[in-house]
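One structure is given here, and the rest of the page talks about it.
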Amino acid sequence: MQLSRRALLGATAAGLALAACGRQAQSGDLNGILERLSTDILREIPEYATSLAVSEEQAGGRYIDRLSDYSKEGALRLRGVAERALGELRALNRERLEPNDRVTYDIVATALQDSVDAARFEHGGGAQSPYVVTQLTGAYTSIPDFLASQHPVTNREQADAYLARLSAYARALDQETARIGEDAATGVIQPNFTIAGADGNGGAVAQLGAFAATAPAQTVLVTSLQSRLAGVADIADADKAALAQRAEQIVRDEVLPAYRRQIDALNAVLPRATADAGVWRLPNGADLYATALRAYTTTTMSPEELHQMGVDLIAQFTGEMDAIFRAQGMTRGTVNERINALGRRPDQIFPSTDAGREALLAMLNEQMRVITARMPEVCGVQARATLEIKRVPEYIEAGAPGGYYQVAALDGSRPGAYYINLRDPANEWPKFTLPTLTYHEGTPGHHWQLSLQQEAGEMPFIRRALLGFSGFSEGWGLYAEQLADEMGMYRNDPFGRIGYLQSMTFRASRLVVDTGIHHMRWTREQAIDSMMQATGDQRSNVTTEVERYCVWPGQACSYMAGRQALNRMRDGARAALGDRFDLRAFHDRVLTNGSTPLTVTDGLVNEWVAEVQRA
């Protein structure tokens, strides 16, 4: 999931909380602190204000023509305001707050503390994203799609603001380019394969180069503006042409030269880059990884504990897949060999053509229609936001993950979006693998969870819209895959259940591989071999995933760590309540409180159990 998923939760909103309010608040005024904190987050991250479609008043002023400050000075400034905001919060007497306010206090304090701890590592985006521009991170991976799909163009003012943001995009690229050199001077350089690519996978240079080689008029930065201007009735045709020409000029004279400067900066540090995959080689690398794990999982589990959890779960899920294959008469070869054989069957292949991609998207939409209609069976509170299923933009698909979610606008003007990478569906998306991904990114997964969070009007705005925790959100996404299975979505689809169990094995393998890379000093090739052996997935898929873990340390552990934590909470509540356990009520208690640190989630579930027992 990203703020583009992936960066609302991709970087986690602990990172968003860096942009906290630095102004003084009255002691005891929790609501005042939160309101100012929310406003200053939006003031510092104007792209997110646009994404949520909030008012200028709530965002602390005009934002539609601005982008964030991507410089190192901006990052250091944000760390300072996060520290001051945390100090304001700590000055309150938590025990004198109302129970619901204590929950809010714990959530916000955890987000700020994670931000402060991660920002002690002053390179890249801190401990959770230590390199500034990679095949997965950087303004080039998010801003073009943001401008094309989220910046509104319904009148002349918005069109002019779009042009202002185009120029700001060039500045953002140059700010990041400066940071590449600054970080390299301190010994922080990403692996050479994420810069230059390897084994057919495009690194950052290849992705930047592909965009930079596009004719300005053919870039999405120009074509998306033209297409949207066509539908604006109150702008004269001559003015529309002039606006499009100005956009093309900015792209040609400002944006694409900034791309080329960024490519040059990456190529300049490439000779000093190595093939070492893990952050253990960075200054204070072990501390960095421990900090990233704690922030992403919101647990205190050690790398060794997470690694062993993954090993044990891989064995469990592999045994379940073997039993299904045997029941279907597929007994020859290892489980992974049978998975590969299943993926090669003609009835499991969507061709890598426009028609094949359209058929794939149609199937996903039908799966969403069916399960959404059944959600009252498992949740009392129903989400209202609609979901759009979209292809990952072609200009970033080489390095993008398989799927991710983009949150809906708060005012309902833009639906939630589930992006799926369709660069090569014939080889990467056998039909049996798709349902569980859709349940994870859509309903009952990220779309359902985040929509309920946004729609919880009684919850403070900062909790509804600005804060998220990867351990909870990605844990829920994985739990949602399990929930779909428990709802019987695979009752007549045994191979779909193979896909679900393969997905679970994949996420368990993430625990093994992420800790292997960053703690046990595995090579990229060791990690790829381990994940292929565990999952039987295509090498191209596995390579993209492993390279993602290399630049996003700890994030991959949040999925299974969160799922297992939610299952422990559910099992504990069921054991305590017996016949009085209500699955719908359990889900409502977990979801209607929004994304929370798992320690807070556990407390909320325990309180619910106590309430039911007293009743």
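Residues in the structure tokens are named by chain (A, B, ... in the order shown) and by number from 1 within that chain; ligands are numbered from 1 in the order shown.
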
| task | Please provide as an NGL selection string all residues within 9 Å of Val188 in chain A, with the sequence filter that same-chain residues fewer than 4 positions apart are discarded (counting only C-alpha atoms). | result | :A and (123-124 or 130-131 or 180 or 182-184 or 281-283)

| said: Let's see if you can do this: from backbone DSSP, list all strand (DSSP E or B) residues in range 361-610 of chain A, as a PyMOL selection string. | reply: chain A and resi 387-391+403-406+416-420

Could you take the residues named above and write them with N, CA and C atoms, as a compact mmCIF listing (two decimals), in the first residue's frame?
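Output below, filename selection-v6.txt:
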# COMPACT_ATOMS: atom_id res chain seq x y z
N LEU A 387 -14.70 1.56 -4.75
CA LEU A 387 -13.33 1.12 -5.08
C LEU A 387 -13.17 1.07 -6.59
N GLU A 388 -12.05 1.60 -7.07
CA GLU A 388 -11.68 1.51 -8.48
C GLU A 388 -10.43 0.64 -8.59
N ILE A 389 -10.44 -0.31 -9.51
CA ILE A 389 -9.30 -1.19 -9.73
C ILE A 389 -8.57 -0.72 -10.98
N LYS A 390 -7.27 -0.41 -10.84
CA LYS A 390 -6.52 0.25 -11.91
C LYS A 390 -5.18 -0.45 -12.15
N ARG A 391 -4.68 -0.28 -13.34
CA ARG A 391 -3.35 -0.77 -13.68
C ARG A 391 -2.28 0.18 -13.13
N GLY A 403 0.89 -5.15 -6.22
CA GLY A 403 -0.37 -4.46 -6.02
C GLY A 403 -0.28 -3.54 -4.82
N TYR A 404 -1.06 -2.47 -4.84
CA TYR A 404 -1.10 -1.56 -3.70
C TYR A 404 -2.39 -0.75 -3.74
N TYR A 405 -2.68 -0.11 -2.63
CA TYR A 405 -3.94 0.62 -2.46
C TYR A 405 -3.69 2.10 -2.23
N GLN A 406 -4.57 2.92 -2.82
CA GLN A 406 -4.52 4.37 -2.64
C GLN A 406 -5.85 4.80 -2.01
N GLY A 416 -11.52 5.04 -3.60
CA GLY A 416 -10.30 4.31 -3.31
C GLY A 416 -9.83 3.60 -4.56
N ALA A 417 -8.53 3.38 -4.66
CA ALA A 417 -7.98 2.76 -5.87
C ALA A 417 -7.07 1.60 -5.48
N TYR A 418 -7.31 0.46 -6.09
CA TYR A 418 -6.45 -0.71 -5.95
C TYR A 418 -5.67 -0.84 -7.26
N TYR A 419 -4.36 -0.67 -7.17
CA TYR A 419 -3.48 -0.74 -8.34
C TYR A 419 -2.89 -2.14 -8.43
N ILE A 420 -2.89 -2.71 -9.64
CA ILE A 420 -2.27 -4.00 -9.87
C ILE A 420 -1.27 -3.87 -11.02

Spatial neighbours of Leu67 in chain A, max dist 8 Å, only C-alpha atoms, sep filter under 6 positions, as a JSON list (two decimals) with C-alpha atoms, in the first residue's frame:
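What follows is the written file result-v3.json:
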[["chain", "number", "residue", "atom", "x", "y", "z"],
["A", 45, "ILE", "CA", 2.58, 17.80, 2.96],
["A", 46, "PRO", "CA", 0.32, 19.66, 0.49],
["A", 47, "GLU", "CA", 0.07, 16.60, -1.78],
["A", 165, "ARG", "CA", 3.18, 22.13, -9.32],
["A", 168, "ALA", "CA", 7.72, 22.54, -8.16],
["A", 169, "TYR", "CA", 8.19, 18.93, -9.28],
["A", 172, "ALA", "CA", 11.69, 18.45, -5.81]]

| said: Taking only C-alpha atoms into account, name the residue in A:Pro415, A:Pro597, A:Pro553, A:Pro376 that is nearest to Met487 in chain A. | reply: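 Ranked by minimum distance to Met487 in chain A, first place goes to A:Pro376.
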
| query | What's the 6 Å shell around Thr523 in chain A, counting only C-alpha atoms, without same-chain residues fewer than 2 positions away, as a VMD selection string? | reply | chain A and resid 277 525 to 526

| Shortest interatomic distance to Ala210 in chain A - which of A:Ala292, A:Glu394, A:Phe325, A:Gly471, counting only C-alpha atoms |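 Between A:Ala292, A:Glu394, A:Phe325, A:Gly471, the residue approaching Ala210 in chain A most closely is A:Glu394.
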
| said: Need to verify the contact set: Arg66 in chain A, 12 Å, only C-alpha atoms, exclusion of same-chain residues closer than 2 positions in sequence. Can you return it as number ranges by chain? | reply: A: 42-50, 59, 61-64, 68-70, 143, 147, 151, 158, 160-169, 171-172

Using only C-alpha atoms, please write the residues we just selected to a file, as a PDB file, in the first residue's frame.
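Just written: again.pdb:
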ATOM      1  CA  LEU A  42      -1.194  19.081   5.904  1.00  0.00           C
ATOM      2  CA  ARG A  43       0.669  22.370   5.587  1.00  0.00           C
ATOM      3  CA  GLU A  44       3.948  20.477   5.304  1.00  0.00           C
ATOM      4  CA  ILE A  45       2.578  17.803   2.962  1.00  0.00           C
ATOM      5  CA  PRO A  46       0.318  19.659   0.486  1.00  0.00           C
ATOM      6  CA  GLU A  47       0.070  16.602  -1.782  1.00  0.00           C
ATOM      7  CA  TYR A  48      -1.721  14.814   1.020  1.00  0.00           C
ATOM      8  CA  ALA A  49      -4.090  17.729   1.532  1.00  0.00           C
ATOM      9  CA  THR A  50      -5.027  17.353  -2.135  1.00  0.00           C
ATOM     10  CA  ALA A  59      -4.720  22.604   5.628  1.00  0.00           C
ATOM     11  CA  GLY A  61      -3.645  27.863   3.875  1.00  0.00           C
ATOM     12  CA  ARG A  62      -3.503  27.484   0.122  1.00  0.00           C
ATOM     13  CA  TYR A  63      -1.946  24.216  -0.968  1.00  0.00           C
ATOM     14  CA  ILE A  64      -3.164  23.345  -4.453  1.00  0.00           C
ATOM     15  CA  SER A  68       6.445  19.270  -0.176  1.00  0.00           C
ATOM     16  CA  ASP A  69       9.998  20.300   0.663  1.00  0.00           C
ATOM     17  CA  TYR A  70      12.174  17.345  -0.405  1.00  0.00           C
ATOM     18  CA  ILE A 143       4.445  12.723  -8.213  1.00  0.00           C
ATOM     19  CA  LEU A 147      -0.560  15.006 -10.681  1.00  0.00           C
ATOM     20  CA  HIS A 151      -4.637  16.950  -8.665  1.00  0.00           C
ATOM     21  CA  GLN A 158      -6.777  24.451 -10.758  1.00  0.00           C
ATOM     22  CA  ASP A 160      -2.819  27.163 -13.315  1.00  0.00           C
ATOM     23  CA  ALA A 161      -2.026  25.439 -10.025  1.00  0.00           C
ATOM     24  CA  TYR A 162      -1.163  22.299 -11.975  1.00  0.00           C
ATOM     25  CA  LEU A 163       1.464  24.259 -13.909  1.00  0.00           C
ATOM     26  CA  ALA A 164       2.873  25.652 -10.668  1.00  0.00           C
ATOM     27  CA  ARG A 165       3.184  22.130  -9.325  1.00  0.00           C
ATOM     28  CA  LEU A 166       4.943  21.007 -12.497  1.00  0.00           C
ATOM     29  CA  SER A 167       7.674  23.544 -11.822  1.00  0.00           C
ATOM     30  CA  ALA A 168       7.715  22.538  -8.163  1.00  0.00           C
ATOM     31  CA  TYR A 169       8.193  18.927  -9.279  1.00  0.00           C
ATOM     32  CA  ARG A 171      12.614  21.546  -7.826  1.00  0.00           C
ATOM     33  CA  ALA A 172      11.685  18.446  -5.814  1.00  0.00           C
TER      34      ALA A 172
END

| request: Enter the distance from CA of Leu437 in chain A to CA of Gly603 in chain A, in Å, rounded to one decimal. | output: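 Rounded to one decimal, the two atoms are 29.4 Å apart.
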
| request: Kindly indicate which residue among A:Leu76, A:Leu483, A:Ala408, A:Met560 lies nearest to Leu450 in chain A, using only C-alpha atoms for the distances. | output: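 Using only C-alpha atoms, the shortest distance to Leu450 in chain A belongs to A:Ala408.
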